[in-house]
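Student: Could you have a look at this structure, given as structure tokens, before my questions?
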Amino acid sequence: MNWRLLYNMTHRDNVDPVGSLKFVTLLVALIPELLFLGAGVKLQDNGYDGLLIAINPQVSEDQNLIPNIKEMITEASFYLFNATKRRVFFRNIKILIPATWKANNYSKVKQELYEKANVIVTDWYGAHGDDPYTLQYRGCGKEGKYIHFTSNFLLNDDLTAGYGPRGRVFVHEWAHLRWGLFDEYNDEKPFYINGQNQVKVTRCSSDIAGIFVCEKGPCPQENCIISKLFKEGCMFIYNSTQNATASIMFMQSLSSVVEFCNARTHNQEAPNLQNQMCSLRSAWDVITDSADFNHSFPMNGTQLPPPPVFSLIQPGDKVVCLVLDVSSKMAEANRLLRLQQAVEFYLMQIVEIHTFVGIVSFNSKGEIRAQLHQINSDDDRKLLVSHLPMTVSAEAETSVCSGLKKGFEVVEKLNGKAYGSVMILVTSGDDEHIDNCLLTALSSGSTIHSIAMGSSVVENLEELSRRTGGLKFFVPDESNSNSMIDAFSRISSGTGDIFQQCIQLESTGENVKPHHQLKNTVTMDDSVGNDTTFLVTWQISGPPEILLFDPNGRKYYTNNFITNPALQIARLYIPGTAEPGLWTYTLNNTHHSLQALKMTVTSRASSSAMLPATVEAFVERDSTRFPHPVMIYANVRKGIYPILNATVTATIEPEAADPIVLKLFDNGAGNIQMNAPRKSAGRSEEEQKWGISRVSSGGSFSVLGVPAGPHPDVFPPCKITDLQAVKVEDEVTLSWTAPGEDYDQGQANSYEIRISKSLQNIQDDFNNAILVNTSKLNPQQAGTKEVFTFSPKLFTNGPDHQPDGETQESHRIYVAIRAIDKNSLKSVISNIAQASLFISPNSAPILTRDHLILKGVLTAMGSIGIICLTIVVTHCTLNRKKRADKKENGTKLI
């Protein structure tokens, strides 16, 4: 994303821009998963506090599951303590029990939500069955989103024979999650040729011993190698008894392994993700650079830490209170009407059945408009809608604390406390006294979602949401913006029960000229269709003329919609399960003036037997300071299966400028390419034919210190992370994904490619490695697959000195690349690729997959795309057409 698109907007002096994020997804060819470790986990006095483990509501109650989780974490705590040389352990753990399980004197949830858990337990199986995995997407040394276990992994003791003790497995995954480490094995490349032209097993450390096995049993290594190739049918099996103590990121199942690889034991030549993503650094080097280790010291003495303390918590009744601003500022820019429309939408379509809902309004004082009322029918929903404020007050003063005080009063009438309740706070005023109730809000046990309307940036309001675990949204004063409805659509119960949640399929708005129309198509895939609703809203005059076609050609007209003239909305509810396929709608502006027309389409899962596709949009952090970019992410999946090759676009709605639409990439531009699952979410015939539509709001963010006027280019191309080198006859062919002029946007100006016979040389002294002639290599548009072929003859005959231990017969080369923009800003040096020039030109390596190795290690499953640079998030579009490969650039140099 191009930062400057945001910065070139007109800003008031010293005002920080705010963007609203919206994801719209149309298709589905299927995209890598993309989501972070929340602020909930804190390290103090060497112990981690606040780790949240959540069990999905779809998991059947089993009396052994919780004891096994406790046993795993307890074992992990002591194993981690020793592995980190007495540095860290787990002190306090919370286990979130589903509300679907019978009550058993569990404590009540406060602000803990399934969707904010650090560890989740589901019955959803991934591409590798019960393999645990960590959702990583931010790069080396960066925290991930969550660790995933299946309930079967935690209950079936037979699985520990292959994976090793569960506590050790947890430490392996914790290192992914907390410290951003990567695996030191590689299923795709279990063997490689080292600098001495020897076939080696991909492992770390190299001290881990084993035997070669041919088709008929154990055999010498030379029997498995033909002309430097690994013979098909051979494999390498690790000895069950080892002397090697490292490494946990390679094979924690071995009883001797109790350490992470350090600078002494790390195998830099192994073609694994740790080397690729962490610039050949060892796991221990990355860990010791972490904030955890910078702010803690090893514990004295020889005593072990105390075992973890577990708290079992369970949600109670779902309780929501709407806290709505009615100050005179709500009369500006149709704010009150847009609020009414969005809240009506939330009450009628989004909030789940059996939820208790109350309504409070406020200006300088708070007023209770509706006490808690449980939703059991559409009549209950309509009754709550009737209590919405219909007018604004004469006073401009707003007191958020007064509104929240009344909100707490409403929710506390149910159980005496606000524990586990949700406040949805909407305001257009700038209240300088929010700090007065911050401590009250934090101690209340309530989660506060905030929606700021208009141009006033309420920093303390955002802090209120952040500290209570809530979402925050910004809604600009644009008549055609559907951000208010999108914000309410994003606020779910947070239980993790996707089958109960409302899924947004469409969100569009447009200022339509007189006697013109808004026309579009929305896809109904077969994983959704229940409780499907088409909602039309407008701002002035009467309703537009509505025409809707279902996939079979059936027509719905304006008179088929239920119209509410006071709120200026029209709704069509599709009974039963909506027909899968393409639904086409037309909104005709029959009036003599410009009309802001909007369409929102929502649905729920069609069946409990089929997980619906979901999309989540979010930013890396709530705010940043110029010139640091904002990272944006999209997570598109079915259960835990990634949905690949989706077309994703981001719509950024700034504070005082037109929306910006940007395309997000999952094609390798700055991406983390983890060990991708062998299969992706299976697509039905309907999905392949029509695709899938999804929309999700990503919340809001702010950028501090933006210059008021023009500023120099400060954004280089992003780092290339997928450089590969392949020997083809007498030449080497390189391939990579093109970065942009500014991170992953635009087109770089040139490439700098350097090679060396020494891995250490090119890593430590890239500028003095041999430069390859790239004068005929012109960078392509960001996201394009680049291909470049050159002859290494000049290099192999050149003066580059041999590193220690290598012979003159060594013909292994190491290659790295960086991109340069038009202002000579250079990207970070890429991952280092390697190629052996010794291989016979008519042969290709045959790398067999060692299934026994796979049983002894964990597989990181998600293929995760980082949007390398960026700005914000998101209007995400998945189109049903597989993205065609862009024209490859294949320049030959002799």
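Starting from 1 in every chain, residues are counted up; chains themselves are A, B, ... following the order of the structure tokens, and ligands are numbered from 1 as listed.
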Counting only C-alpha atoms, which residues in stretch 485-594 of chain A sit no more than 9 Å from stretch 321-340 of chain A? For each one, give the nearest pair of atoms and the distance in Å, sorted by chain then residue number, as a tab-separated table.

Tutor:
```
residue	atom	partner	partner_atom	distance
A:Ile485	CA	A:Arg338	CA	8.2
A:Gln539	CA	A:Asn334	CA	7.7
A:Leu567	CA	A:Gln340	CA	6.7
A:Gln568	CA	A:Leu337	CA	8.3
```

Student: From the DSSP assignment of the backbone, select every residue of stretch 338-450 of chain A that is strand (DSSP E), and format the answer as a PyMOL selection string.

Tutor: chain A and resi 356-362+366-374+422-427+447-450

Student: Go ahead and write the residues just picked, N, CA and C atoms, as a CSV table (one decimal), in the first residue's frame.

Tutor:
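Result file follows (selection.csv):
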```
chain,number,residue,atom,x,y,z
A,356,PHE,N,-29.5,-10.3,26.2
A,356,PHE,CA,-30.2,-9.3,26.9
A,356,PHE,C,-29.6,-7.9,26.4
A,357,VAL,N,-30.5,-7.0,26.0
A,357,VAL,CA,-30.1,-5.7,25.5
A,357,VAL,C,-30.8,-4.6,26.2
A,358,GLY,N,-30.0,-3.6,26.5
A,358,GLY,CA,-30.6,-2.3,27.1
A,358,GLY,C,-30.1,-1.1,26.3
A,359,ILE,N,-30.8,0.0,26.5
A,359,ILE,CA,-30.4,1.2,25.7
A,359,ILE,C,-30.3,2.4,26.6
A,360,VAL,N,-29.2,3.2,26.5
A,360,VAL,CA,-29.0,4.4,27.2
A,360,VAL,C,-28.6,5.5,26.3
A,361,SER,N,-29.1,6.7,26.5
A,361,SER,CA,-28.6,7.9,25.7
A,361,SER,C,-28.0,8.9,26.7
A,362,PHE,N,-27.2,9.8,26.1
A,362,PHE,CA,-26.5,10.7,27.0
A,362,PHE,C,-26.2,12.0,26.2
A,366,GLY,N,-26.7,11.1,31.6
A,366,GLY,CA,-27.2,9.9,31.0
A,366,GLY,C,-28.6,9.6,31.3
A,367,GLU,N,-29.3,8.9,30.4
A,367,GLU,CA,-30.7,8.6,30.6
A,367,GLU,C,-30.9,7.1,30.1
A,368,ILE,N,-31.6,6.4,30.9
A,368,ILE,CA,-32.0,5.0,30.6
A,368,ILE,C,-33.2,5.0,29.7
A,369,ARG,N,-33.1,4.5,28.5
A,369,ARG,CA,-34.2,4.5,27.6
A,369,ARG,C,-34.9,3.1,27.6
A,370,ALA,N,-34.1,2.1,27.8
A,370,ALA,CA,-34.7,0.7,27.9
A,370,ALA,C,-33.9,-0.1,28.8
A,371,GLN,N,-34.6,-0.7,29.8
A,371,GLN,CA,-33.9,-1.7,30.7
A,371,GLN,C,-33.6,-2.9,29.9
A,372,LEU,N,-32.8,-3.8,30.5
A,372,LEU,CA,-32.5,-5.1,29.8
A,372,LEU,C,-33.7,-5.8,29.4
A,373,HIS,N,-33.7,-6.3,28.1
A,373,HIS,CA,-34.8,-7.0,27.6
A,373,HIS,C,-34.2,-8.2,26.8
A,374,GLN,N,-34.6,-9.4,27.1
A,374,GLN,CA,-34.0,-10.6,26.4
A,374,GLN,C,-34.7,-10.8,25.0
A,422,VAL,N,-21.2,-6.2,27.5
A,422,VAL,CA,-20.6,-5.4,26.4
A,422,VAL,C,-21.3,-4.1,26.3
A,423,MET,N,-20.5,-3.0,26.2
A,423,MET,CA,-21.0,-1.7,25.9
A,423,MET,C,-20.7,-1.3,24.5
A,424,ILE,N,-21.7,-0.8,23.8
A,424,ILE,CA,-21.4,-0.2,22.4
A,424,ILE,C,-21.6,1.3,22.5
A,425,LEU,N,-20.5,2.0,22.6
A,425,LEU,CA,-20.6,3.4,22.9
A,425,LEU,C,-20.4,4.2,21.5
A,426,VAL,N,-21.4,5.0,21.2
A,426,VAL,CA,-21.3,5.9,20.0
A,426,VAL,C,-21.4,7.3,20.4
A,427,THR,N,-20.4,8.1,19.9
A,427,THR,CA,-20.4,9.5,20.3
A,427,THR,C,-19.8,10.4,19.1
A,447,THR,N,-16.7,-5.1,28.4
A,447,THR,CA,-15.9,-4.8,27.2
A,447,THR,C,-16.6,-3.6,26.5
A,448,ILE,N,-15.8,-2.6,26.2
A,448,ILE,CA,-16.4,-1.3,25.6
A,448,ILE,C,-15.9,-1.2,24.2
A,449,HIS,N,-16.9,-1.3,23.2
A,449,HIS,CA,-16.6,-1.0,21.8
A,449,HIS,C,-17.0,0.5,21.6
A,450,SER,N,-16.1,1.2,20.9
A,450,SER,CA,-16.4,2.6,20.7
A,450,SER,C,-16.5,2.9,19.2
```

Student: Determine, counting only C-alpha atoms, which protein, DNA and RNA residues have an atom within 6 Å of an atom of A:Thr398; residues of the same chain fewer than 6 positions away are not included. Present the result as a short mmCIF file (atom, residue, chain, number, x, y, z; two decimals) with C-alpha atoms, in the first residue's frame.

Tutor:
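Here's the written file result_4.cif:
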```cif
data_model
loop_
_atom_site.label_atom_id
_atom_site.label_comp_id
_atom_site.auth_asym_id
_atom_site.auth_seq_id
_atom_site.Cartn_x
_atom_site.Cartn_y
_atom_site.Cartn_z
CA ASN A 363 -25.48 14.35 26.48
CA SER A 364 -24.13 16.04 29.59
CA GLY A 429 -18.36 14.77 20.84
#
```

Student: Report, in Å to a single decimal, how far apart atom CA of A:Leu518 and atom CA of A:Thr537 are.

Tutor: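 Result for atom CA of A:Thr537 versus atom CA of A:Leu518: 12.3 Å, one decimal.
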
Student: Can you pull out every residue within 10 Å of A:Met610, counting only C-alpha atoms, but drop anything in the same chain fewer than 2 positions away, and send it as a list in words?

Tutor: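 Answer for this query is Phe499, Asp526, Ser527, Val528, Ala605, Ser606, Ser607, Ser608, Pro612, Ala613, Lys638 and Gly639 of chain A.
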
Student: If we count only C-alpha atoms, what is near A:Thr74 at a cut-off of 8 Å, once residues fewer than 3 positions away on the same chain are taken out, given as a count of residues only?

Tutor: 8

Student: Give me, as a VMD selection string, all polymer residues having an atom no more than 6 Å from stretch 763-780 of chain A, counting only C-alpha atoms and skipping those fewer than 6 positions away in the same chain.

Tutor: chain A and resid 748 750 753 to 756

Student: The selected residues should be written to file as an mmCIF file, in the first residue's frame (atoms: N, CA, C and O atoms).

Tutor:
```cif
data_model
loop_
_atom_site.group_PDB
_atom_site.id
_atom_site.type_symbol
_atom_site.label_atom_id
_atom_site.label_comp_id
_atom_site.auth_asym_id
_atom_site.auth_seq_id
_atom_site.Cartn_x
_atom_site.Cartn_y
_atom_site.Cartn_z
ATOM 1 N N ALA A 748 9.551 -0.868 -8.477
ATOM 2 C CA ALA A 748 10.918 -0.478 -8.124
ATOM 3 C C ALA A 748 11.674 -0.007 -9.371
ATOM 4 O O ALA A 748 11.254 -0.256 -10.502
ATOM 5 N N SER A 750 15.249 -0.543 -9.872
ATOM 6 C CA SER A 750 16.298 -1.468 -10.299
ATOM 7 C C SER A 750 16.526 -2.524 -9.227
ATOM 8 O O SER A 750 16.025 -2.417 -8.106
ATOM 9 N N ILE A 753 21.833 -7.588 -7.538
ATOM 10 C CA ILE A 753 22.009 -9.008 -7.245
ATOM 11 C C ILE A 753 23.487 -9.276 -7.023
ATOM 12 O O ILE A 753 24.331 -8.883 -7.835
ATOM 13 N N ARG A 754 23.803 -9.953 -5.939
ATOM 14 C CA ARG A 754 25.199 -10.301 -5.652
ATOM 15 C C ARG A 754 25.299 -11.782 -5.297
ATOM 16 O O ARG A 754 24.355 -12.367 -4.742
ATOM 17 N N ILE A 755 26.464 -12.372 -5.626
ATOM 18 C CA ILE A 755 26.689 -13.793 -5.382
ATOM 19 C C ILE A 755 28.037 -13.993 -4.717
ATOM 20 O O ILE A 755 28.943 -13.151 -4.832
ATOM 21 N N SER A 756 28.150 -15.142 -4.026
ATOM 22 C CA SER A 756 29.405 -15.482 -3.369
ATOM 23 C C SER A 756 29.482 -16.984 -3.193
ATOM 24 O O SER A 756 28.460 -17.669 -3.171
#
```

Student: Identify, on the basis of only C-alpha atoms, every residue whose closest approach to A:Asp45 does not exceed 9 Å; exclude the query and any residue fewer than 6 positions from it along the same chain; express the result as a list in words.

Tutor: Val88, Ser296, Phe297 and Met299 of chain A

Student: For the selection just defined, write its residues with N, CA, C and O atoms to a file, as a PDB file, in the first residue's frame.

Tutor:
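The new file result37.pdb reads:
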```pdb
ATOM      1  N   VAL A  88      12.147 -17.767  31.995  1.00  0.00           N
ATOM      2  CA  VAL A  88      10.698 -17.539  31.977  1.00  0.00           C
ATOM      3  C   VAL A  88       9.936 -18.832  32.245  1.00  0.00           C
ATOM      4  O   VAL A  88      10.429 -19.931  31.972  1.00  0.00           O
ATOM      5  N   SER A 296      14.183  -8.957  31.576  1.00  0.00           N
ATOM      6  CA  SER A 296      14.199  -9.955  32.640  1.00  0.00           C
ATOM      7  C   SER A 296      15.592 -10.571  32.730  1.00  0.00           C
ATOM      8  O   SER A 296      16.367 -10.528  31.776  1.00  0.00           O
ATOM      9  N   PHE A 297      15.879 -11.159  33.875  1.00  0.00           N
ATOM     10  CA  PHE A 297      17.175 -11.787  34.113  1.00  0.00           C
ATOM     11  C   PHE A 297      16.938 -13.190  34.666  1.00  0.00           C
ATOM     12  O   PHE A 297      15.889 -13.464  35.262  1.00  0.00           O
ATOM     13  N   MET A 299      16.648 -16.378  36.979  1.00  0.00           N
ATOM     14  CA  MET A 299      16.369 -16.494  38.403  1.00  0.00           C
ATOM     15  C   MET A 299      17.567 -17.125  39.106  1.00  0.00           C
ATOM     16  O   MET A 299      18.214 -18.027  38.573  1.00  0.00           O
TER      17      MET A 299
END
```

Student: Using only C-alpha atoms for the distances, tell me which of A:Ala782, A:Leu723, A:Leu312, A:Ile248 is nearest to A:Ala816.

Tutor: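 That would be A:Leu723, the residue with the smallest distance to A:Ala816.
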
Student: With DSSP run on the backbone, what are the helix (DSSP H, G or I) residues within stretch 461-671 of chain A? I'd like them as a PyMOL selection string.

Tutor: chain A and resi 461-468+483-490+558-560

Student: For each of A:Arg812, A:Lys663, A:Lys42, A:His591, take the minimum atom-to-atom distance to A:Pro514, counting only C-alpha atoms, then give the residue where this is smallest.

Tutor: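 Residue with the minimum atom-to-atom distance to A:Pro514: A:His591.
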
Student: With distances taken over only C-alpha atoms, which residue among A:Asp131, A:Tyr238, A:Ser402, A:Asn511 lies nearest A:Leu159?

Tutor: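 Checking each candidate against A:Leu159, we get A:Asp131 as the closest.
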
Student: Wanna dump the stretch 447-520 of chain A-stretch 645-656 of chain A contacts at 12 Å for me, each residue with its shortest atom pair and the distance in Å to one decimal, counting only C-alpha atoms, ordered by chain and number, as a tab-separated table?

Tutor:
```
residue	atom	partner	partner_atom	distance
A:Ala452	CA	A:Glu655	CA	11.0
A:Met453	CA	A:Glu655	CA	10.0
A:Gly454	CA	A:Glu655	CA	7.8
A:Ser455	CA	A:Glu655	CA	6.0
A:Ser456	CA	A:Glu655	CA	8.9
A:Val457	CA	A:Glu655	CA	9.1
A:Phe473	CA	A:Glu653	CA	11.1
A:Phe474	CA	A:Glu655	CA	8.4
A:Val475	CA	A:Glu653	CA	8.3
A:Pro476	CA	A:Glu655	CA	6.0
A:Asp477	CA	A:Ala656	CA	8.4
A:Glu478	CA	A:Ala656	CA	9.0
A:Asn480	CA	A:Glu653	CA	11.3
A:Ser481	CA	A:Glu653	CA	8.5
A:Asn482	CA	A:Glu653	CA	10.5
A:Ser483	CA	A:Glu653	CA	8.7
A:Met484	CA	A:Glu653	CA	11.9
A:Ser507	CA	A:Thr651	CA	11.6
A:Thr508	CA	A:Thr651	CA	11.2
```
